[in-house]
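Structure file final34.tsv (TSV, C-alpha atoms) follows.
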chain	number	residue	atom	x	y	z
A	24	MET	CA	159.77	128.76	151.55
A	25	GLU	CA	157.65	131.64	152.71
A	26	THR	CA	159.28	134.87	153.82
A	27	SER	CA	159.26	135.74	157.47
A	28	GLU	CA	160.48	138.69	159.46
A	29	LYS	CA	163.47	136.66	160.58
A	30	LYS	CA	164.79	136.32	157.03
A	31	ASN	CA	163.94	139.79	155.85
A	32	HIS	CA	167.21	141.70	155.91
A	33	ASP	CA	169.84	143.33	153.74
A	34	ASN	CA	171.32	140.75	151.38
A	35	GLU	CA	174.51	142.81	150.98
A	36	LYS	CA	175.34	141.98	154.58
A	37	CYS	CA	175.28	138.25	153.71
A	38	LYS	CA	177.67	138.83	150.82
A	39	GLU	CA	180.06	140.77	153.00
A	40	LEU	CA	180.19	138.08	155.68
A	41	PHE	CA	180.00	135.10	153.36
A	42	SER	CA	183.68	135.33	152.40
A	43	VAL	CA	184.87	134.80	155.99
A	44	PHE	CA	182.58	131.96	157.09
A	45	SER	CA	185.47	129.49	157.00
A	46	GLU	CA	187.59	131.78	159.15
A	47	TYR	CA	184.63	132.08	161.53
A	48	ILE	CA	184.31	128.29	161.75
A	49	ASP	CA	188.09	127.93	162.23
A	50	LYS	CA	188.00	130.57	164.99
A	51	GLU	CA	190.50	132.68	163.10
A	52	LEU	CA	188.57	135.95	163.31
A	53	ASP	CA	189.07	138.50	166.04
A	54	ASN	CA	186.35	138.73	168.69
A	55	GLU	CA	184.62	141.72	167.16
A	56	ASP	CA	184.25	140.17	163.69
A	57	ALA	CA	183.24	136.80	165.13
A	58	GLU	CA	180.54	138.49	167.21
A	59	LYS	CA	179.27	140.35	164.12
A	60	ILE	CA	178.80	137.03	162.34
A	61	LYS	CA	177.23	135.36	165.35
A	62	VAL	CA	174.64	138.12	165.59
A	63	HIS	CA	173.98	137.92	161.86
A	64	LEU	CA	173.53	134.13	161.94
A	65	ASP	CA	170.90	134.48	164.63
A	66	SER	CA	168.80	136.56	162.28
A	67	CYS	CA	169.56	135.01	158.89
A	68	GLU	CA	168.35	131.50	158.19
A	69	CYS	CA	170.12	131.46	154.85
A	70	CYS	CA	173.59	132.21	156.23
A	71	ASN	CA	172.93	130.00	159.23
A	72	ASP	CA	172.21	127.12	156.87
A	73	CYS	CA	175.35	127.94	154.90
A	74	VAL	CA	177.55	127.85	158.00
A	75	SER	CA	176.03	124.65	159.37
A	76	THR	CA	176.38	122.81	156.02
A	77	LEU	CA	179.91	124.14	155.67
A	78	LYS	CA	180.76	122.87	159.16
A	79	LYS	CA	179.35	119.46	158.32
A	80	THR	CA	181.30	119.40	155.05
A	81	ILE	CA	184.53	119.98	156.99
A	82	GLU	CA	183.61	117.27	159.48
A	83	ILE	CA	182.85	114.78	156.71
A	84	CYS	CA	186.04	115.74	154.92
A	85	SER	CA	188.18	115.04	157.96
A	86	SER	CA	186.68	111.61	158.61
A	87	PHE	CA	185.62	110.03	155.30
A	88	PHE	CA	189.03	108.69	154.34
A	89	LYS	CA	189.98	105.26	155.63
A	90	GLU	CA	193.75	104.94	155.99
A	91	LYS	CA	195.25	102.24	153.77
A	92	LYS	CA	198.26	100.05	154.45
A	93	VAL	CA	201.35	100.68	152.32
A	94	PRO	CA	201.67	97.94	149.66
A	95	GLU	CA	204.62	95.65	150.43
A	96	SER	CA	206.00	96.16	146.90
A	97	LEU	CA	206.24	99.93	147.52
A	98	SER	CA	207.87	99.45	150.94
A	99	GLU	CA	210.40	97.17	149.32
A	100	ARG	CA	211.22	99.76	146.63
A	101	LEU	CA	211.58	102.48	149.27
A	102	ARG	CA	213.93	100.32	151.35
A	103	LYS	CA	216.12	99.84	148.26
A	104	ILE	CA	216.13	103.58	147.57
A	105	ALA	CA	217.06	104.26	151.21
A	106	LYS	CA	219.89	101.76	151.00
A	107	ASN	CA	221.29	103.19	147.75
A	108	HIS	CA	221.11	106.75	148.99
A	109	GLY	CA	222.85	105.66	152.15
A	110	THR	CA	226.02	105.22	150.15
A	111	TYR	CA	226.37	108.87	149.10
B	250	MET	CA	204.41	135.99	158.13
B	251	ASN	CA	208.16	135.64	158.54
B	252	LYS	CA	209.08	132.41	160.31
B	253	ARG	CA	212.80	133.03	160.71
B	254	GLU	CA	212.48	133.33	164.46
B	255	ASP	CA	211.32	129.69	164.52
B	256	LYS	CA	214.83	128.38	163.84
B	257	ARG	CA	215.08	126.58	167.17
B	258	ILE	CA	211.99	124.55	166.51
B	259	THR	CA	211.35	121.40	168.55
B	260	ASP	CA	211.26	118.40	166.28
B	261	GLN	CA	210.81	114.81	167.44
B	262	ASP	CA	212.87	113.69	164.43
B	263	ARG	CA	215.87	115.86	165.25
B	264	LYS	CA	217.97	113.06	166.82
B	265	LEU	CA	217.28	110.67	163.98
B	266	LEU	CA	218.16	113.27	161.35
B	267	ASP	CA	221.34	114.31	163.15
B	268	ALA	CA	222.44	110.67	163.34
B	269	ILE	CA	221.80	110.23	159.61
B	270	ASN	CA	223.71	113.40	158.76
B	271	GLU	CA	226.58	112.23	160.95
B	272	GLY	CA	226.92	109.19	158.73
B	273	ASP	CA	224.59	106.53	160.12
B	274	SER	CA	222.93	106.01	156.78
B	275	ASP	CA	221.27	102.74	157.86
B	276	LEU	CA	218.79	104.99	159.66
B	277	PHE	CA	217.36	106.17	156.35
B	278	ASN	CA	215.26	103.06	156.62
B	279	ASP	CA	213.83	104.17	159.97
B	280	LEU	CA	212.77	107.42	158.36
B	281	VAL	CA	211.06	105.55	155.53
B	282	HIS	CA	209.35	103.23	157.97
B	283	LYS	CA	208.08	106.15	160.02
B	284	TYR	CA	206.69	108.24	157.17
B	285	GLU	CA	205.83	105.91	154.28
B	286	GLY	CA	202.29	105.35	155.59
B	287	LYS	CA	201.55	109.05	156.07
B	288	LEU	CA	202.91	109.94	152.66
B	289	TYR	CA	201.16	107.06	150.90
B	290	ASN	CA	197.78	108.02	152.35
B	291	PHE	CA	198.44	111.67	151.48
B	292	GLY	CA	199.18	110.45	147.95
B	293	LEU	CA	195.91	108.51	147.80
B	294	LYS	CA	194.01	111.66	148.73
B	295	VAL	CA	195.84	113.89	146.27
B	296	CYS	CA	196.14	111.52	143.30
B	297	LYS	CA	193.41	110.00	141.21
B	298	ASN	CA	194.87	106.50	141.26
B	299	VAL	CA	197.07	104.18	143.31
B	300	ASN	CA	199.93	104.13	140.79
B	301	ASP	CA	200.29	107.91	140.93
B	302	ALA	CA	200.17	107.78	144.74
B	303	GLU	CA	203.01	105.24	144.75
B	304	ASP	CA	205.04	107.38	142.32
B	305	LEU	CA	204.45	110.40	144.54
B	306	VAL	CA	205.80	108.57	147.62
B	307	GLN	CA	208.80	107.20	145.78
B	308	GLU	CA	209.74	110.49	144.15
B	309	SER	CA	209.27	112.37	147.42
B	310	PHE	CA	211.63	110.07	149.33
B	311	ILE	CA	214.26	110.28	146.56
B	312	ASN	CA	214.11	114.08	146.82
B	313	VAL	CA	214.26	113.92	150.62
B	314	PHE	CA	217.39	111.79	150.57
B	315	LYS	CA	219.01	114.03	147.97
B	316	SER	CA	218.38	117.24	149.89
B	317	MET	CA	218.65	115.98	153.45
B	318	LYS	CA	222.01	117.67	154.03
B	319	ASP	CA	220.43	121.03	153.17
B	320	PHE	CA	217.62	120.66	155.70
B	321	ARG	CA	218.15	123.47	158.22
B	322	HIS	CA	215.54	122.51	160.85
B	323	GLU	CA	213.71	125.78	160.29
B	324	THR	CA	210.54	123.75	160.23
B	325	LYS	CA	209.59	120.29	161.47
B	326	PHE	CA	210.94	117.47	159.33
B	327	LYS	CA	207.38	116.23	158.73
B	328	ASN	CA	206.36	119.62	157.31
B	329	TRP	CA	209.47	119.71	155.11
B	330	LEU	CA	208.58	116.23	153.85
B	331	TYR	CA	205.09	117.42	152.90
B	332	LYS	CA	206.61	120.47	151.19
B	333	ILE	CA	208.70	118.16	149.06
B	334	ALA	CA	205.69	115.91	148.37
B	335	ALA	CA	203.57	118.94	147.37
B	336	ASN	CA	206.29	120.01	144.92
B	337	VAL	CA	206.34	116.50	143.46
B	338	CYS	CA	202.55	116.77	143.03
B	339	TRP	CA	202.94	119.95	141.02
B	340	LYS	CA	205.60	118.39	138.82
B	341	MET	CA	203.44	115.31	138.21
B	342	LYS	CA	200.50	117.51	137.34
B	343	ARG	CA	202.50	119.62	134.92
B	344	LYS	CA	203.67	116.46	133.17
B	345	SER	CA	200.22	114.97	132.87
B	346	ARG	CA	198.14	117.95	131.72
B	347	PHE	CA	198.58	121.13	129.81
B	348	ALA	CA	195.26	122.70	130.68
B	349	PRO	CA	195.64	125.85	132.79
B	350	GLU	CA	194.48	125.71	136.38
B	351	GLN	CA	190.84	126.69	136.78
B	352	GLU	CA	189.80	129.32	139.26
B	353	ILE	CA	186.91	128.78	141.64
B	354	SER	CA	184.91	131.95	142.04
B	355	ILE	CA	183.25	132.62	145.36
B	356	GLU	CA	180.39	134.36	143.54
B	357	GLU	CA	178.97	131.11	142.24
B	358	PHE	CA	178.41	129.85	145.77
B	359	LEU	CA	176.73	132.94	147.15
B	360	PRO	CA	173.24	132.14	148.30
B	361	SER	CA	171.15	133.82	145.62
B	362	ASP	CA	168.14	134.34	147.84
B	363	HIS	CA	166.55	132.85	150.87
B	364	LYS	CA	164.73	130.26	148.86
B	365	SER	CA	168.04	128.38	148.62
B	366	VAL	CA	167.54	127.12	152.17
B	367	ASP	CA	165.80	123.82	151.88
B	368	LYS	CA	164.89	121.18	154.37
B	369	LYS	CA	167.14	118.48	152.90
B	370	SER	CA	170.29	120.52	153.47
B	371	SER	CA	169.33	121.19	157.06
B	372	GLU	CA	168.76	117.49	157.67
B	373	TRP	CA	172.23	116.30	156.67
B	374	ALA	CA	173.86	119.23	158.42
B	375	SER	CA	172.34	118.21	161.72
B	376	ALA	CA	172.98	114.45	161.48
B	377	PRO	CA	176.01	112.97	163.28
B	378	VAL	CA	178.89	112.23	160.88
B	379	ASP	CA	178.97	108.55	161.95
B	380	HIS	CA	175.42	108.20	160.67
B	381	LEU	CA	176.21	109.85	157.38
B	382	LEU	CA	179.44	108.12	156.44
B	383	ASN	CA	179.09	105.22	154.07
B	384	ARG	CA	180.79	103.98	150.93
B	385	GLU	CA	178.57	106.01	148.62
B	386	LEU	CA	179.26	109.27	150.42
B	387	SER	CA	182.99	108.57	150.68
B	388	ALA	CA	183.14	107.91	146.94
B	389	ARG	CA	181.28	111.17	146.28
B	390	ILE	CA	183.67	113.16	148.46
B	391	LYS	CA	186.69	111.61	146.77
B	392	GLU	CA	185.16	112.47	143.37
B	393	GLY	CA	184.60	116.03	144.57
B	394	VAL	CA	188.18	116.35	145.82
B	395	ASP	CA	189.49	114.95	142.52
B	396	LYS	CA	187.50	117.58	140.63
B	397	LEU	CA	189.12	120.42	142.54
B	398	PRO	CA	191.88	122.29	140.73
B	399	GLU	CA	195.24	121.35	142.27
B	400	LYS	CA	195.85	124.68	144.02
B	401	TYR	CA	192.62	124.33	145.98
B	402	LYS	CA	192.88	120.60	146.45
B	403	LEU	CA	196.27	120.70	148.17
B	404	VAL	CA	195.15	123.39	150.60
B	405	LEU	CA	191.97	121.48	151.48
B	406	ILE	CA	193.79	118.18	151.99
B	407	LEU	CA	196.53	119.70	154.13
B	408	ARG	CA	194.12	121.71	156.27
B	409	ASP	CA	191.02	119.54	156.59
B	410	MET	CA	192.38	116.03	156.11
B	411	GLU	CA	196.03	116.07	157.21
B	412	GLY	CA	195.42	118.42	160.12
B	413	PHE	CA	198.00	121.14	159.38
B	414	SER	CA	197.30	124.65	160.66
B	415	THR	CA	196.78	127.59	158.33
B	416	GLU	CA	200.30	128.81	159.04
B	417	GLU	CA	201.88	125.38	158.51
B	418	THR	CA	199.98	125.01	155.24
B	419	SER	CA	201.19	128.42	154.11
B	420	ASN	CA	204.78	127.31	154.76
B	421	ILE	CA	204.37	123.93	153.08
B	422	LEU	CA	202.86	125.46	149.95
B	423	SER	CA	204.85	128.72	150.05
B	424	LEU	CA	201.65	130.77	150.08
B	425	THR	CA	200.58	133.70	152.21
B	426	VAL	CA	198.29	132.89	155.14
B	427	GLN	CA	195.56	134.96	153.46
B	428	ASN	CA	195.91	133.00	150.26
B	429	VAL	CA	195.54	129.72	152.17
B	430	LYS	CA	192.36	131.03	153.80
B	431	VAL	CA	190.86	132.16	150.50
B	432	ARG	CA	191.63	128.88	148.71
B	433	LEU	CA	190.41	126.80	151.63
B	434	HIS	CA	187.10	128.62	151.79
B	435	ARG	CA	186.50	128.17	148.06
B	436	ALA	CA	187.45	124.49	148.18
B	437	ARG	CA	185.09	123.88	151.10
B	438	LEU	CA	182.27	125.71	149.34
B	439	PHE	CA	182.87	123.61	146.25
B	440	LEU	CA	182.64	120.37	148.25
B	441	ARG	CA	179.64	121.63	150.16
B	442	GLU	CA	177.91	122.12	146.83
B	443	GLU	CA	178.73	118.52	145.88
B	444	LEU	CA	177.25	117.30	149.15
B	445	LYS	CA	174.15	119.44	148.74
B	446	GLU	CA	173.65	117.90	145.33
B	447	PHE	CA	174.30	114.42	146.72
B	448	TYR	CA	171.66	114.81	149.43
B	449	GLY	CA	169.35	116.80	147.17
B	450	ASN	CA	169.15	113.89	144.75
B	451	LYS	CA	168.47	111.30	147.39
Can the structure in the file be given as structure tokens, please?
Amino acid sequence: METSEKKNHDNEKCKELFSVFSEYIDKELDNEDAEKIKVHLDSCECCNDCVSTLKKTIEICSSFFKEKKVPESLSERLRKIAKNHGTY
Amino acid sequence: MNKREDKRITDQDRKLLDAINEGDSDLFNDLVHKYEGKLYNFGLKVCKNVNDAEDLVQESFINVFKSMKDFRHETKFKNWLYKIAANVCWKMKRKSRFAPEQEISIEEFLPSDHKSVDKKSSEWASAPVDHLLNRELSARIKEGVDKLPEKYKLVLILRDMEGFSTEETSNILSLTVQNVKVRLHRARLFLREELKEFYGNK
């Protein structure tokens, strides 16, 4: 990918902000720090890509799993355990 | 953060638990019925196979029944249940493997230069999740989660799959809030790398 003015900036800044991208996505940063990242993302394609792929990863993570029904044999075992412990 | 001031926490299970502790032990069954599904699906996410998930559920409920009288309502019952289940996970892991837990270093995920931005990654990041989800992707994510060292895996599952907050996760796993944040970020970066590879090879 060819360099452009938009991407030409201090890489140390990326490293500094990189460690709090999750907190930024989770809205756990204070306003000042969040704003710092927002401004940086507007000017850094690399970090912007990192945040958007990270966001998508979280989204996929929260929805990929299809809930399964508890096997009847396990339910049966748990009912027995509940009954036995009920006698303490 | 100290949570002692949360002693008077509102818990939808309070009545049921009080009735059980007052001697109505038949209600143990109601508790099982209410939480077996949640715990089983948590087990399927944490464990590599169905048998281990079943063992996790069974062992967790045995521990719950044993320690029920000591439950002080300082947290929601559901969170306490997950705390017990997480401890069972650790015990199961210690029994099954002797290898020390691996660390995930944040350094390995740092974008090395701006060439690491490629079109393929931008494409999947902008597609709606419904369009992306399929059996192949789900299997890849599960593989990625299974590869995570336990200390990262539990944080990721509790936060991003079970929906607990950072603070709740810190209580369940007895970690500092900062530690939860650090582990979560590394786990997410690890999975993001798996997804990048998945889409990069397509």
Contacts of segment 83-96 of chain A within 9 Å, only C-alpha atoms, excl. fewer than 5 positions in-chain, as a ChimeraX atom specification: /A:78,101 /B:285-287,289-290,293-294,303,378-379,381-384,386-388,390-391,405-406,409-412,440
Distance of atom CA of Gln427 of chain B from atom CA of Asp49 of chain A, expressed in Å to one decimal place: 13.5 Å
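Among B:Met341, B:Ile355, B:Ala334, B:Ile258, the residue with the shortest atom-to-atom distance to chain A, counting only C-alpha atoms, is B:Ile355.
Of the listed residues (B:Cys338, B:Glu357, B:Ser375, B:Lys318), B:Ser375 comes nearest to chain A; the distances count only C-alpha atoms.
Atom CA of Trp329 of chain B sits 8.9 Å away from atom CA of Asn420 of chain B.
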Minimum-distance residue to chain B, chosen among A:Glu35, A:Asp56, A:Glu99, A:Leu77 (using all atoms listed in the file): A:Leu77
Sorted by chain and rising residue number, which residues of chain A lie within 6 Å of chain B, and what are their closest atom pairs and distances in Å to one decimal, counting all atoms listed in the file, as a tab-separated table?
residue	atom	partner	partner_atom	distance
A:Met24	CA	B:Lys364	CA	5.8
A:Ser45	CA	B:His434	CA	5.5
A:Cys69	CA	B:His363	CA	5.5
A:Ser75	CA	B:Ala374	CA	5.9
A:Thr76	CA	B:Ala374	CA	5.0
A:Lys79	CA	B:Ala374	CA	5.5
A:Thr80	CA	B:Arg441	CA	5.6
A:Ser85	CA	B:Met410	CA	4.7
A:Phe87	CA	B:Ser387	CA	5.5
A:Val93	CA	B:Gly286	CA	5.8
A:Ala105	CA	B:Phe277	CA	5.5
A:Gly109	CA	B:Ser274	CA	4.6
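Of note, atom CA of Cys73 of chain A and atom CA of Asn54 of chain A are spaced 20.7 Å apart.
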Shell around His322 of chain B at 10 Å using only C-alpha atoms, local window under 2 positions removed, as an mmCIF file with C-alpha atoms, keeping the file's coordinate frame:
data_model
loop_
_atom_site.group_PDB
_atom_site.id
_atom_site.type_symbol
_atom_site.label_atom_id
_atom_site.label_comp_id
_atom_site.auth_asym_id
_atom_site.auth_seq_id
_atom_site.Cartn_x
_atom_site.Cartn_y
_atom_site.Cartn_z
ATOM 1 C CA ASP B 255 211.320 129.690 164.520
ATOM 2 C CA LYS B 256 214.830 128.380 163.840
ATOM 3 C CA ARG B 257 215.080 126.580 167.170
ATOM 4 C CA ILE B 258 211.990 124.550 166.510
ATOM 5 C CA THR B 259 211.350 121.400 168.550
ATOM 6 C CA ASP B 260 211.260 118.400 166.280
ATOM 7 C CA ASP B 262 212.870 113.690 164.430
ATOM 8 C CA ARG B 263 215.870 115.860 165.250
ATOM 9 C CA LEU B 266 218.160 113.270 161.350
ATOM 10 C CA ASP B 319 220.430 121.030 153.170
ATOM 11 C CA PHE B 320 217.620 120.660 155.700
ATOM 12 C CA THR B 324 210.540 123.750 160.230
ATOM 13 C CA LYS B 325 209.590 120.290 161.470
ATOM 14 C CA PHE B 326 210.940 117.470 159.330
ATOM 15 C CA TRP B 329 209.470 119.710 155.110
#
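Comparing the minimum interatomic distances between Ser316 of chain B and each of B:Asn270, B:Glu392, B:Val404, B:Glu350, counting all atoms listed in the file, we find that B:Asn270 sits nearest.
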Within 12 Å of Ile60 of chain A, counting all atoms listed in the file, which residues show up once you throw out same-chain ones fewer than 4 positions away? Write them as a PDB file with C-alpha atoms, in the coordinates of the input, please.
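So out_26.pdb came out as:
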ATOM      1  CA  LYS A  36     175.340 141.980 154.580  1.00  0.00           C
ATOM      2  CA  CYS A  37     175.280 138.250 153.710  1.00  0.00           C
ATOM      3  CA  LYS A  38     177.670 138.830 150.820  1.00  0.00           C
ATOM      4  CA  GLU A  39     180.060 140.770 153.000  1.00  0.00           C
ATOM      5  CA  LEU A  40     180.190 138.080 155.680  1.00  0.00           C
ATOM      6  CA  PHE A  41     180.000 135.100 153.360  1.00  0.00           C
ATOM      7  CA  SER A  42     183.680 135.330 152.400  1.00  0.00           C
ATOM      8  CA  VAL A  43     184.870 134.800 155.990  1.00  0.00           C
ATOM      9  CA  PHE A  44     182.580 131.960 157.090  1.00  0.00           C
ATOM     10  CA  SER A  45     185.470 129.490 157.000  1.00  0.00           C
ATOM     11  CA  GLU A  46     187.590 131.780 159.150  1.00  0.00           C
ATOM     12  CA  TYR A  47     184.630 132.080 161.530  1.00  0.00           C
ATOM     13  CA  ILE A  48     184.310 128.290 161.750  1.00  0.00           C
ATOM     14  CA  LYS A  50     188.000 130.570 164.990  1.00  0.00           C
ATOM     15  CA  LEU A  52     188.570 135.950 163.310  1.00  0.00           C
ATOM     16  CA  ASP A  53     189.070 138.500 166.040  1.00  0.00           C
ATOM     17  CA  ASN A  54     186.350 138.730 168.690  1.00  0.00           C
ATOM     18  CA  GLU A  55     184.620 141.720 167.160  1.00  0.00           C
ATOM     19  CA  ASP A  56     184.250 140.170 163.690  1.00  0.00           C
ATOM     20  CA  LEU A  64     173.530 134.130 161.940  1.00  0.00           C
ATOM     21  CA  ASP A  65     170.900 134.480 164.630  1.00  0.00           C
ATOM     22  CA  SER A  66     168.800 136.560 162.280  1.00  0.00           C
ATOM     23  CA  CYS A  67     169.560 135.010 158.890  1.00  0.00           C
ATOM     24  CA  CYS A  70     173.590 132.210 156.230  1.00  0.00           C
ATOM     25  CA  ASN A  71     172.930 130.000 159.230  1.00  0.00           C
ATOM     26  CA  VAL A  74     177.550 127.850 158.000  1.00  0.00           C
TER      27      VAL A  74
END
Give the padded box for segment 289-307 of chain B as JSON: axis-aligned, covering all atoms listed in the file, 5 Å on each side, centre and edge lengths in Å to one decimal.
{"center_x": 201.1, "center_y": 109.0, "center_z": 146.6, "size_x": 25.4, "size_y": 19.8, "size_z": 21.6}
